[in-house]
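Q: Sharing query.txt (compact mmCIF, C-alpha atoms and all ligand atoms) below.
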```
# COMPACT_ATOMS: atom_id res chain seq x y z
CA MET A 251 -60.28 -35.27 249.14
CA ALA A 252 -61.88 -37.51 246.52
CA THR A 253 -60.12 -37.63 243.17
CA THR A 254 -62.02 -36.80 240.01
CA SER A 255 -62.31 -40.44 239.04
CA GLU A 256 -63.60 -41.31 242.51
CA GLN A 257 -66.07 -38.48 242.27
CA SER A 258 -67.32 -39.61 238.88
CA ALA A 259 -67.53 -43.21 240.04
CA GLN A 260 -69.55 -42.07 243.03
CA SER A 261 -71.84 -39.91 240.96
CA GLU A 262 -72.58 -42.93 238.74
CA ASP A 263 -73.65 -44.97 241.75
CA LYS A 264 -77.38 -45.43 242.25
CA LEU A 265 -76.94 -45.07 245.99
CA PRO A 266 -73.68 -44.30 247.79
CA GLY A 267 -71.57 -47.43 247.39
CA ILE A 268 -74.17 -49.27 245.28
CA ARG A 269 -73.55 -49.33 241.57
CA HIS A 270 -76.77 -50.84 240.29
CA ILE A 271 -80.15 -51.71 241.72
CA ILE A 272 -81.92 -54.36 239.68
CA ALA A 273 -85.52 -55.26 240.43
CA VAL A 274 -86.78 -58.76 239.68
CA GLY A 275 -90.51 -58.83 239.05
CA SER A 276 -93.20 -61.15 237.79
CA GLY A 277 -96.81 -60.82 236.78
CA LYS A 278 -97.94 -63.45 239.26
CA GLY A 279 -96.64 -65.54 242.11
CA GLY A 280 -95.18 -69.01 241.81
CA VAL A 281 -93.24 -68.49 238.59
CA GLY A 282 -89.93 -68.80 240.44
CA LYS A 283 -89.14 -65.11 240.89
CA SER A 284 -87.48 -65.51 244.29
CA THR A 285 -85.61 -68.62 243.17
CA VAL A 286 -84.34 -66.67 240.18
CA SER A 287 -83.41 -63.65 242.32
CA VAL A 288 -81.26 -65.74 244.64
CA ASN A 289 -79.56 -67.80 241.95
CA LEU A 290 -79.03 -64.81 239.71
CA ALA A 291 -77.40 -62.99 242.61
CA LEU A 292 -75.06 -65.95 243.14
CA ALA A 293 -74.31 -66.19 239.42
CA LEU A 294 -73.43 -62.49 239.30
CA GLN A 295 -71.14 -63.13 242.23
CA GLN A 296 -69.43 -65.91 240.29
CA LEU A 297 -68.67 -63.34 237.63
CA GLY A 298 -66.74 -61.41 240.27
CA ALA A 299 -69.36 -58.94 241.50
CA LYS A 300 -70.22 -57.97 245.08
CA VAL A 301 -73.93 -58.59 245.42
CA GLY A 302 -76.67 -57.86 247.92
CA ILE A 303 -80.27 -58.96 247.85
CA VAL A 304 -83.39 -57.37 249.29
CA ASP A 305 -86.48 -59.46 249.79
CA ALA A 306 -89.21 -56.91 249.09
CA ASP A 307 -91.84 -59.59 248.74
CA ILE A 308 -93.53 -58.72 252.00
CA LEU A 309 -96.52 -60.90 251.33
CA GLY A 310 -94.35 -63.96 251.17
CA PRO A 311 -90.77 -63.32 252.16
CA SER A 312 -89.03 -66.48 251.00
CA ILE A 313 -85.44 -65.42 250.40
CA PRO A 314 -84.17 -66.14 253.94
CA GLY A 315 -85.55 -69.68 253.68
CA MET A 316 -83.96 -70.23 250.29
CA LEU A 317 -80.60 -69.16 251.66
CA GLY A 318 -80.95 -70.93 254.99
CA ILE A 319 -80.95 -67.69 256.95
CA PRO A 320 -82.82 -67.94 260.25
CA THR A 321 -85.79 -65.58 260.52
CA GLY A 322 -87.47 -64.12 263.54
CA GLU A 323 -84.26 -62.67 264.91
CA PRO A 324 -84.17 -58.87 264.92
CA PRO A 325 -81.28 -57.65 262.80
CA GLU A 326 -78.27 -56.11 264.54
CA LEU A 327 -77.51 -52.44 264.21
CA THR A 328 -74.27 -50.51 263.80
CA THR A 329 -73.40 -47.68 266.17
CA GLU A 330 -74.92 -45.34 263.54
CA ASN A 331 -78.16 -47.30 263.80
CA LYS A 332 -77.71 -48.91 260.43
CA LEU A 333 -79.03 -52.39 259.95
CA ILE A 334 -76.39 -55.07 259.46
CA PRO A 335 -77.48 -57.41 256.68
CA ALA A 336 -77.38 -61.16 257.12
CA GLU A 337 -74.65 -62.86 255.14
CA ARG A 338 -74.63 -66.19 253.39
CA TYR A 339 -72.44 -67.40 250.53
CA ASP A 340 -70.91 -63.90 250.66
CA LEU A 341 -74.30 -62.48 249.68
CA LYS A 342 -75.63 -59.69 251.87
CA VAL A 343 -79.30 -60.17 252.55
CA VAL A 344 -82.12 -58.21 254.11
CA SER A 345 -85.72 -59.31 254.06
CA MET A 346 -88.87 -57.29 254.46
CA GLY A 347 -89.87 -60.20 256.65
CA MET A 348 -87.52 -58.78 259.28
CA LEU A 349 -89.51 -55.57 259.40
CA THR A 350 -93.07 -56.67 259.38
CA PRO A 351 -94.69 -58.88 261.99
CA ASP A 352 -95.31 -62.26 260.40
CA ASP A 353 -99.03 -62.22 261.02
CA LYS A 354 -99.68 -58.80 259.48
CA PRO A 355 -97.81 -58.65 256.20
CA ALA A 356 -100.76 -57.39 254.14
CA VAL A 357 -101.20 -54.30 256.29
CA LEU A 358 -98.51 -52.45 254.37
CA ARG A 359 -100.07 -50.96 251.28
CA GLY A 360 -98.22 -49.72 248.20
CA PRO A 361 -97.02 -46.29 249.34
CA MET A 362 -96.11 -47.58 252.80
CA VAL A 363 -94.16 -50.46 251.34
CA GLY A 364 -92.28 -48.01 249.15
CA LYS A 365 -91.48 -45.84 252.13
CA TYR A 366 -90.37 -48.74 254.29
CA LEU A 367 -88.34 -50.24 251.54
CA LYS A 368 -86.53 -47.01 250.82
CA MET A 369 -85.72 -46.65 254.48
CA PHE A 370 -84.75 -50.27 254.55
CA ILE A 371 -82.34 -50.06 251.65
CA GLU A 372 -80.84 -46.72 252.60
CA GLY A 373 -80.64 -47.63 256.29
CA VAL A 374 -78.56 -50.76 255.70
CA GLU A 375 -74.81 -51.05 256.09
CA TRP A 376 -74.29 -52.60 252.66
CA GLY A 377 -70.68 -51.65 252.16
CA LYS A 378 -69.67 -51.53 248.51
CA LEU A 379 -71.93 -53.43 246.13
CA ASP A 380 -71.89 -53.85 242.37
CA TYR A 381 -75.45 -55.10 242.30
CA LEU A 382 -78.33 -54.91 244.69
CA ILE A 383 -81.07 -57.32 243.62
CA LEU A 384 -84.57 -56.35 244.66
CA ASP A 385 -87.01 -59.25 244.76
CA LEU A 386 -90.31 -57.45 244.14
CA PRO A 387 -93.69 -58.73 245.27
CA PRO A 388 -95.48 -60.55 242.44
CA GLY A 389 -97.99 -58.62 240.38
CA THR A 390 -98.26 -55.45 238.40
CA GLY A 391 -100.24 -53.25 240.73
CA ASP A 392 -99.70 -50.11 242.75
CA THR A 393 -97.20 -51.69 245.13
CA GLN A 394 -94.84 -52.61 242.33
CA LEU A 395 -95.30 -49.24 240.69
CA THR A 396 -94.49 -47.40 243.90
CA LEU A 397 -91.45 -49.54 244.48
CA ALA A 398 -90.23 -49.01 240.96
CA GLN A 399 -90.64 -45.28 241.33
CA SER A 400 -89.24 -44.91 244.83
CA MET A 401 -85.89 -46.51 244.05
CA PRO A 402 -83.22 -45.34 241.61
CA LEU A 403 -83.48 -48.58 239.65
CA SER A 404 -81.03 -49.42 236.89
CA GLY A 405 -83.72 -51.61 235.44
CA VAL A 406 -86.01 -54.53 235.92
CA VAL A 407 -85.86 -58.19 234.96
CA ILE A 408 -89.15 -59.99 234.42
CA VAL A 409 -89.51 -63.66 235.26
CA THR A 410 -92.17 -65.57 233.40
CA THR A 411 -93.17 -69.14 232.64
CA PRO A 412 -94.17 -70.37 229.21
CA GLN A 413 -97.93 -70.65 229.79
CA THR A 414 -99.84 -68.09 227.76
CA VAL A 415 -101.58 -66.71 230.80
CA SER A 416 -98.32 -66.06 232.54
CA LEU A 417 -96.92 -64.39 229.44
CA LYS A 418 -99.99 -62.21 229.22
CA ILE A 419 -99.49 -61.04 232.78
CA ALA A 420 -95.77 -60.55 232.32
CA ARG A 421 -96.57 -58.42 229.28
CA ARG A 422 -98.77 -56.22 231.44
CA GLY A 423 -95.89 -55.94 233.91
CA LEU A 424 -93.53 -54.88 231.16
CA ARG A 425 -95.91 -52.16 230.04
CA MET A 426 -96.26 -50.90 233.59
CA PHE A 427 -92.51 -50.53 233.98
CA GLU A 428 -92.22 -48.96 230.53
CA LYS A 429 -94.79 -46.35 231.54
CA VAL A 430 -92.74 -45.22 234.50
CA GLN A 431 -89.64 -45.39 232.33
CA VAL A 432 -87.86 -48.11 234.21
CA LYS A 433 -85.62 -49.86 231.75
CA ILE A 434 -86.55 -53.45 231.12
CA LEU A 435 -83.26 -55.29 231.08
CA GLY A 436 -84.77 -58.53 229.90
CA ILE A 437 -87.03 -61.49 230.36
CA ILE A 438 -86.09 -64.76 232.01
CA GLU A 439 -88.28 -67.66 231.08
CA ASN A 440 -88.39 -70.15 233.92
CA MET A 441 -89.49 -73.80 233.86
CA ARG A 442 -89.45 -74.05 230.09
CA THR A 443 -88.53 -77.67 229.55
CA PHE A 444 -88.36 -80.80 231.59
CA THR A 445 -85.40 -83.12 231.25
CA CYS A 446 -86.17 -86.66 232.34
CA PRO A 447 -83.64 -87.61 235.03
CA HIS A 448 -83.74 -91.23 233.81
CA CYS A 449 -83.52 -91.05 230.04
CA GLY A 450 -82.28 -87.46 229.62
CA GLU A 451 -84.98 -86.65 227.09
CA THR A 452 -86.18 -83.06 227.08
CA THR A 453 -89.88 -82.28 226.90
CA ASP A 454 -91.63 -78.96 226.48
CA ILE A 455 -94.29 -79.18 229.14
CA PHE A 456 -95.87 -75.95 228.02
CA ARG A 457 -95.73 -74.26 224.71
CA ASN A 458 -92.22 -73.38 223.75
CA GLY A 459 -90.96 -70.09 222.45
CA GLY A 460 -93.17 -67.78 224.52
CA GLY A 461 -90.19 -65.89 225.85
CA GLU A 462 -88.79 -65.38 222.35
CA ARG A 463 -92.18 -64.20 221.13
CA MET A 464 -92.56 -61.75 223.95
CA SER A 465 -89.00 -60.60 223.52
CA GLN A 466 -89.59 -59.87 219.83
CA GLU A 467 -92.99 -58.34 220.34
CA LEU A 468 -91.86 -55.93 223.00
CA GLY A 469 -88.30 -55.41 221.87
CA VAL A 470 -86.91 -56.67 225.14
CA PRO A 471 -84.05 -59.17 225.25
CA LEU A 472 -84.64 -62.73 226.39
CA LEU A 473 -81.81 -63.22 228.85
CA GLY A 474 -82.31 -66.97 228.93
CA ALA A 475 -84.64 -69.88 229.55
CA LEU A 476 -84.29 -72.23 232.53
CA PRO A 477 -85.41 -75.85 232.61
CA ILE A 478 -87.76 -77.36 235.16
CA ASP A 479 -85.31 -78.90 237.55
CA PRO A 480 -86.38 -80.89 240.63
CA ASN A 481 -82.97 -80.14 242.15
CA VAL A 482 -83.86 -76.45 242.14
CA VAL A 483 -86.76 -77.21 244.47
CA ALA A 484 -84.69 -79.44 246.73
CA CYS A 485 -81.85 -76.92 246.96
CA GLY A 486 -84.30 -74.12 247.59
CA ASP A 487 -86.06 -76.02 250.36
CA GLU A 488 -82.78 -76.85 252.08
CA GLY A 489 -81.44 -73.33 251.91
CA ASN A 490 -78.73 -74.23 249.39
CA PRO A 491 -79.48 -72.55 246.06
CA ILE A 492 -78.48 -74.60 243.03
CA VAL A 493 -75.86 -72.15 241.75
CA ALA A 494 -73.93 -72.53 245.01
CA ASP A 495 -74.78 -76.16 245.71
CA GLN A 496 -74.42 -77.72 242.25
CA PRO A 497 -72.43 -75.25 240.19
CA LYS A 498 -71.83 -77.77 237.40
CA SER A 499 -75.54 -78.51 236.85
CA VAL A 500 -77.34 -77.42 233.67
CA SER A 501 -79.44 -74.97 235.70
CA ALA A 502 -76.44 -73.40 237.44
CA LYS A 503 -74.62 -72.96 234.13
CA MET A 504 -77.71 -71.39 232.62
CA TYR A 505 -77.84 -68.93 235.50
CA VAL A 506 -74.27 -67.88 234.78
CA THR A 507 -75.13 -67.40 231.08
CA ILE A 508 -78.13 -65.30 232.11
CA ALA A 509 -75.99 -63.24 234.49
CA GLN A 510 -73.55 -62.57 231.66
CA ALA A 511 -76.38 -61.46 229.37
CA LEU A 512 -77.66 -59.22 232.14
CA VAL A 513 -74.27 -57.62 232.67
CA GLU A 514 -74.11 -56.94 228.93
CA GLN A 515 -77.52 -55.33 229.10
CA MET A 516 -76.40 -53.20 232.03
CA GLN A 517 -73.47 -52.03 229.98
CA SER A 518 -75.64 -51.07 227.05
CA ALA A 519 -78.08 -49.57 229.54
CA VAL A 520 -75.44 -46.92 230.08
CA THR A 521 -76.93 -45.47 226.97
CA VAL A 522 -74.54 -44.53 224.27
CA LEU A 523 -76.55 -41.46 223.43
CA LYS A 524 -76.76 -38.61 225.90
CA PRO A 525 -80.01 -36.62 226.16
CA PHE A 526 -80.25 -34.08 223.35
CA ASN A 527 -82.10 -31.01 222.10
CA TRP A 528 -81.24 -30.88 218.42
CA ASN A 529 -81.81 -27.95 216.10
CA TRP A 530 -82.52 -29.57 212.75
CA ASN A 531 -81.57 -26.69 210.47
CA SER A 532 -78.36 -25.63 212.17
CA ASN A 533 -77.57 -29.19 213.36
CA GLU A 534 -76.65 -27.64 216.68
CA GLY A 535 -76.94 -30.08 219.60
CA ALA A 536 -76.92 -33.05 217.22
CA PRO A 537 -76.72 -36.44 218.98
CA ALA A 538 -73.76 -38.73 218.42
CA TRP A 539 -73.44 -41.47 215.79
CA VAL A 540 -71.46 -44.24 217.46
CA GLU A 541 -70.80 -46.97 214.88
CA SER A 542 -68.38 -48.68 217.27
CA ALA A 543 -71.30 -49.48 219.64
CA ALA A 544 -72.98 -51.70 217.02
CA LYS A 545 -72.85 -55.43 217.64
CA PRO A 546 -74.62 -58.38 216.00
CA THR A 547 -76.31 -59.30 219.29
CA GLY A 548 -77.31 -55.67 219.87
CA SER A 549 -80.87 -54.56 220.46
CA GLN A 550 -83.17 -53.62 217.60
CA MET A 551 -84.67 -50.92 219.77
CA ILE A 552 -81.64 -49.07 221.12
CA PRO A 553 -80.42 -46.30 218.86
CA ILE A 554 -76.68 -45.61 218.88
CA GLY A 555 -76.86 -42.71 216.45
CA PHE A 556 -79.12 -40.08 214.92
CA MET A 557 -78.00 -38.08 211.93
CA ARG A 558 -79.31 -35.44 209.53
CA ARG A 559 -78.38 -37.38 206.39
CA ASP A 560 -79.76 -34.65 204.15
CA PRO A 561 -82.28 -31.86 204.79
CA ARG A 562 -85.18 -34.32 204.20
CA THR A 563 -83.82 -37.48 205.82
CA LEU A 564 -83.32 -38.53 209.43
CA SER A 565 -81.01 -41.52 209.77
CA ILE A 566 -81.06 -43.76 212.81
CA LEU A 567 -78.35 -46.27 213.60
CA TRP A 568 -79.47 -49.15 215.83
CA GLU A 569 -77.41 -51.20 218.22
CA ASP A 570 -77.75 -54.29 216.00
CA GLY A 571 -75.96 -52.34 213.27
CA HIS A 572 -79.06 -51.70 211.13
CA ARG A 573 -79.60 -48.21 209.70
CA ASP A 574 -82.94 -46.64 208.86
CA ASP A 575 -83.25 -43.57 206.65
CA LEU A 576 -86.58 -41.93 207.39
CA ASP A 577 -88.25 -39.32 205.23
CA LEU A 578 -89.39 -36.31 207.26
CA ARG A 579 -92.85 -36.07 205.72
CA GLU A 580 -93.42 -39.79 206.28
CA LEU A 581 -92.40 -39.24 209.90
CA ARG A 582 -94.85 -36.37 210.30
CA LEU A 583 -97.64 -38.47 208.74
CA ALA A 584 -96.88 -41.33 211.13
CA CYS A 585 -97.50 -39.20 214.22
CA HIS A 586 -99.37 -41.25 216.84
CA CYS A 587 -100.45 -38.43 219.14
CA ALA A 588 -104.06 -37.85 220.20
CA ILE A 589 -104.40 -34.91 217.78
CA CYS A 590 -103.36 -37.06 214.81
CA ILE A 591 -105.04 -40.36 215.76
CA GLU A 592 -108.38 -40.81 217.50
CA GLU A 593 -107.46 -42.63 220.68
CA MET A 594 -110.53 -44.83 221.04
CA THR A 595 -110.92 -45.99 217.47
CA GLY A 596 -107.42 -45.58 216.04
CA ARG A 597 -108.95 -43.54 213.19
CA LYS A 598 -106.52 -41.18 211.49
CA LEU A 599 -107.41 -37.54 212.16
CA LEU A 600 -104.48 -36.04 210.33
CA ASP A 601 -105.33 -35.29 206.70
CA PRO A 602 -102.19 -35.99 204.63
CA LYS A 603 -103.22 -33.18 202.25
CA THR A 604 -102.59 -30.69 205.05
CA VAL A 605 -98.98 -31.82 205.50
CA LYS A 606 -96.72 -29.83 203.24
CA ALA A 607 -94.05 -31.52 201.16
CA ASP A 608 -91.34 -29.47 202.84
CA ILE A 609 -92.42 -30.13 206.41
CA SER A 610 -89.41 -30.41 208.70
CA PRO A 611 -88.66 -30.33 212.42
CA LYS A 612 -87.42 -27.19 214.12
CA GLN A 613 -86.12 -29.29 217.00
CA ILE A 614 -85.84 -32.96 217.91
CA HIS A 615 -85.61 -33.79 221.60
CA SER A 616 -84.78 -37.05 223.36
CA VAL A 617 -87.48 -38.32 225.73
CA GLY A 618 -86.13 -40.51 228.56
CA ASN A 619 -84.26 -43.38 227.03
CA TYR A 620 -87.14 -44.68 224.97
CA ALA A 621 -88.35 -42.05 222.51
CA ILE A 622 -87.85 -38.78 220.65
CA LEU A 623 -90.16 -35.80 220.30
CA PHE A 624 -90.44 -33.61 217.19
CA ASP A 625 -91.18 -29.92 217.28
CA TRP A 626 -92.42 -29.52 213.69
CA ASN A 627 -92.40 -26.31 211.67
CA ASP A 628 -96.18 -26.61 211.15
CA GLY A 629 -96.57 -25.89 214.88
CA HIS A 630 -97.27 -29.51 215.82
CA ASN A 631 -95.19 -30.65 218.79
CA SER A 632 -97.05 -33.33 220.72
CA GLY A 633 -95.92 -36.45 218.94
CA ILE A 634 -93.65 -38.79 220.86
CA TYR A 635 -92.04 -41.46 218.69
CA SER A 636 -90.88 -44.45 220.70
CA PHE A 637 -87.76 -46.23 219.49
CA LYS A 638 -89.95 -49.27 218.92
CA ASP A 639 -92.28 -47.28 216.63
CA LEU A 640 -89.35 -45.74 214.78
CA ARG A 641 -87.84 -49.13 214.10
CA ALA A 642 -91.21 -50.41 212.84
CA LEU A 643 -91.56 -47.33 210.67
CA GLY A 644 -88.15 -48.02 209.16
CA ALA A 645 -89.17 -51.60 208.40
CA ARG A 646 -92.41 -50.42 206.76
CA ALA A 647 -90.57 -47.80 204.70
CA ALA A 648 -88.06 -50.41 203.53
CA ALA A 649 -90.87 -52.83 202.61
CA SER A 650 -92.81 -50.25 200.62
CA GLY A 651 -89.57 -49.07 199.01
CA SER A 652 -88.85 -52.58 197.72
CA GLU A 653 -92.44 -52.86 196.40
CA ASP A 654 -91.92 -49.67 194.43
CA VAL A 655 -88.89 -51.09 192.62
P1 LIG B 701 -92.21 -66.84 243.28
O1 LIG B 701 -91.14 -66.06 243.98
O2 LIG B 701 -92.41 -66.41 241.86
O3 LIG B 701 -93.49 -66.94 244.04
P2 LIG B 701 -90.62 -69.15 244.00
O4 LIG B 701 -89.25 -68.74 243.65
O5 LIG B 701 -91.01 -69.12 245.43
O6 LIG B 701 -91.68 -68.34 243.14
O7 LIG B 701 -90.82 -70.59 243.37
C1 LIG B 701 -92.03 -71.29 243.49
C2 LIG B 701 -91.73 -72.78 243.54
O8 LIG B 701 -91.24 -73.20 242.27
C3 LIG B 701 -90.66 -73.16 244.56
O9 LIG B 701 -91.02 -74.36 245.16
C4 LIG B 701 -89.41 -73.33 243.72
O10 LIG B 701 -88.50 -74.24 244.30
C5 LIG B 701 -89.98 -73.86 242.43
N1 LIG B 701 -89.15 -73.58 241.25
C6 LIG B 701 -88.68 -72.38 240.85
N2 LIG B 701 -87.96 -72.50 239.72
C7 LIG B 701 -87.99 -73.82 239.39
C8 LIG B 701 -87.43 -74.60 238.32
N3 LIG B 701 -86.71 -74.03 237.35
N4 LIG B 701 -87.66 -75.92 238.31
C9 LIG B 701 -88.42 -76.51 239.28
N5 LIG B 701 -88.96 -75.83 240.30
C10 LIG B 701 -88.75 -74.50 240.36
```
The structure in this file should be written as structure tokens.
Ligand code: ADP
A:
Amino acid sequence: MATTSEQSAQSEDKLPGIRHIIAVGSGKGGVGKSTVSVNLALALQQLGAKVGIVDADILGPSIPGMLGIPTGEPPELTTENKLIPAERYDLKVVSMGMLTPDDKPAVLRGPMVGKYLKMFIEGVEWGKLDYLILDLPPGTGDTQLTLAQSMPLSGVVIVTTPQTVSLKIARRGLRMFEKVQVKILGIIENMRTFTCPHCGETTDIFRNGGGERMSQELGVPLLGALPIDPNVVACGDEGNPIVADQPKSVSAKMYVTIAQALVEQMQSAVTVLKPFNWNWNSNEGAPAWVESAAKPTGSQMIPIGFMRRDPRTLSILWEDGHRDDLDLRELRLACHCAICIEEMTGRKLLDPKTVKADISPKQIHSVGNYAILFDWNDGHNSGIYSFKDLRALGARAAASGSEDV
């Protein structure tokens, strides 16, 4: 019989034996998504993890080539009819390319891809894995959405390049994943700088800092930025990814740094706060306030505590250690819902005069791991406040408070 700790470890697994499934996506093709998937998988392995990789990019399955795995051979099956993954550098690999005839990849539309992929992942003899990396097809359409929804993902990593257009598309991708409440673990900016192999000078081919900007704008961590590295291409073409082939190179080291940042994100993704339904007046069901989870590198958008500081003030403690004390009436006035703000024009529909000075919530509920919902005592209960909005509200309140002084 399984012990309690085994049972709880199993129940934490995303699939039996698989701890985390991480999708790697990009707004468009050619940004290095598959290259990043493979090298990130190898870097995670260097940190001691057991890693598998699924090439879900049916339109252009490139992972087998990058790892030097021969294609065109039907995969072997176990006696239970489970597919045995290919193995290279201790990485377990399956590719959608194995399932679809080469000449008809586009036939599989979004829902079908999702169905196949689910079957594919669940019908594979993975053994025990810490991470299963899912190399998504490029783009932010239905296919990606279906994939994101059909798998119990721990989160998604977005690969982008510094050109504005690519950032714009990546931003759209981020929003899409946010909408279906898949946690965005971070952004990886690929091909940021070029280091001359002769003189060693580093040049920003494109505009620099796009990843940082996007990270700040969307409240998503930048896991790291990779240089343009001709060796990455050569290694990829020969089936020897740079992390395995040249582990001492700048690129390989950067991959390990990125893998470490990702692991940290995964740990904080095990959200400190459990879902809650909090009665404001009695304080029953109050969420935790976990000061020990604060860290200087923590996210500005992940709350690690909510507290009823006094009957009129909601305090929020953020992972970066910052605390916001929010006035209840200000919170009610800031409601973004369609009843309070005209959706098309952004015009305020809520008349502040109608909001009483003693307005307070009856209940506050957590919504997924991205927002809270107030059930106000004026009967209004449709306003969802994202963590991002709450943090911005705190900043605005602090700014207007200092103006008042
Ligand atoms: P995607 O999966 O986004 O379509 P790929 O991983 O197939 O992109 O990469 C596209 C091309 O860019 C490949 O030839 C790859 O070797 C190259 N590439 C990826 N990352 C880098 C990099 N950091 N420096 C130089 N070339 C790169």
Q: Taking all atoms listed in the file and a cut-off of 6 Å, can you tell me which residues surround ligand LIG 701 (chain B), written as a PyMOL selection string?
A: chain A and resi 279-285+440-441+476-480+482-483+486
Q: Show me, as a ChimeraX atom specification, the residues that have an atom within 6 Å of range 270-275 of chain A when counting only C-alpha atoms, minus same-chain residues fewer than 4 positions from it.
A: /A:264,381-386,403-408
Q: Using all atoms listed in the file, which residue out of A:Lys300, A:Arg646, A:Lys368, A:Arg562 lies closest to Lys342 in chain A?
A: A:Lys300
Q: Which one of A:Lys524, A:Asp625, A:Ala475, A:Glu323 sits closest to Val500 in chain A if you count all atoms listed in the file?
A: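 For Val500 in chain A, the nearest of the given residues is A:Ala475.
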Q: For each of A:Ile609, A:Leu600, A:Met369, A:Leu395, take the minimum atom-to-atom distance to Trp530 in chain A, counting all atoms listed in the file, then give the residue where this is smallest.
A: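 Looking at the shortest contact to Trp530 in chain A, the residue is A:Ile609.
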Q: List every protein, DNA or RNA residue that has an atom no more than 7 Å from (-86.9, -37.4, 205.6) in the file's coordinate frame, counting only C-alpha atoms, and report them as a list of chain:residue names.
A: A:Arg562, A:Thr563, A:Leu564, A:Leu576, A:Asp577, A:Leu578, A:Arg579, A:Glu580
Q: Could you check how far CA of Lys606 in chain A sits from CA of Asn627 in chain A, in Å to one decimal?
A: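 Going from CA of Lys606 in chain A over to CA of Asn627 in chain A covers 10.1 Å.
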Q: Would you work out the distance separating CA of Ala420 in chain A from CA of Met346 in chain A, expressed in Å to one decimal?
A: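 Separating CA of Ala420 in chain A from CA of Met346 in chain A is a distance of 23.4 Å.
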Q: Just give me the gap between CA of Lys612 in chain A and CA of Asn527 in chain A in Å, one decimal is fine.
A: 10.3 Å
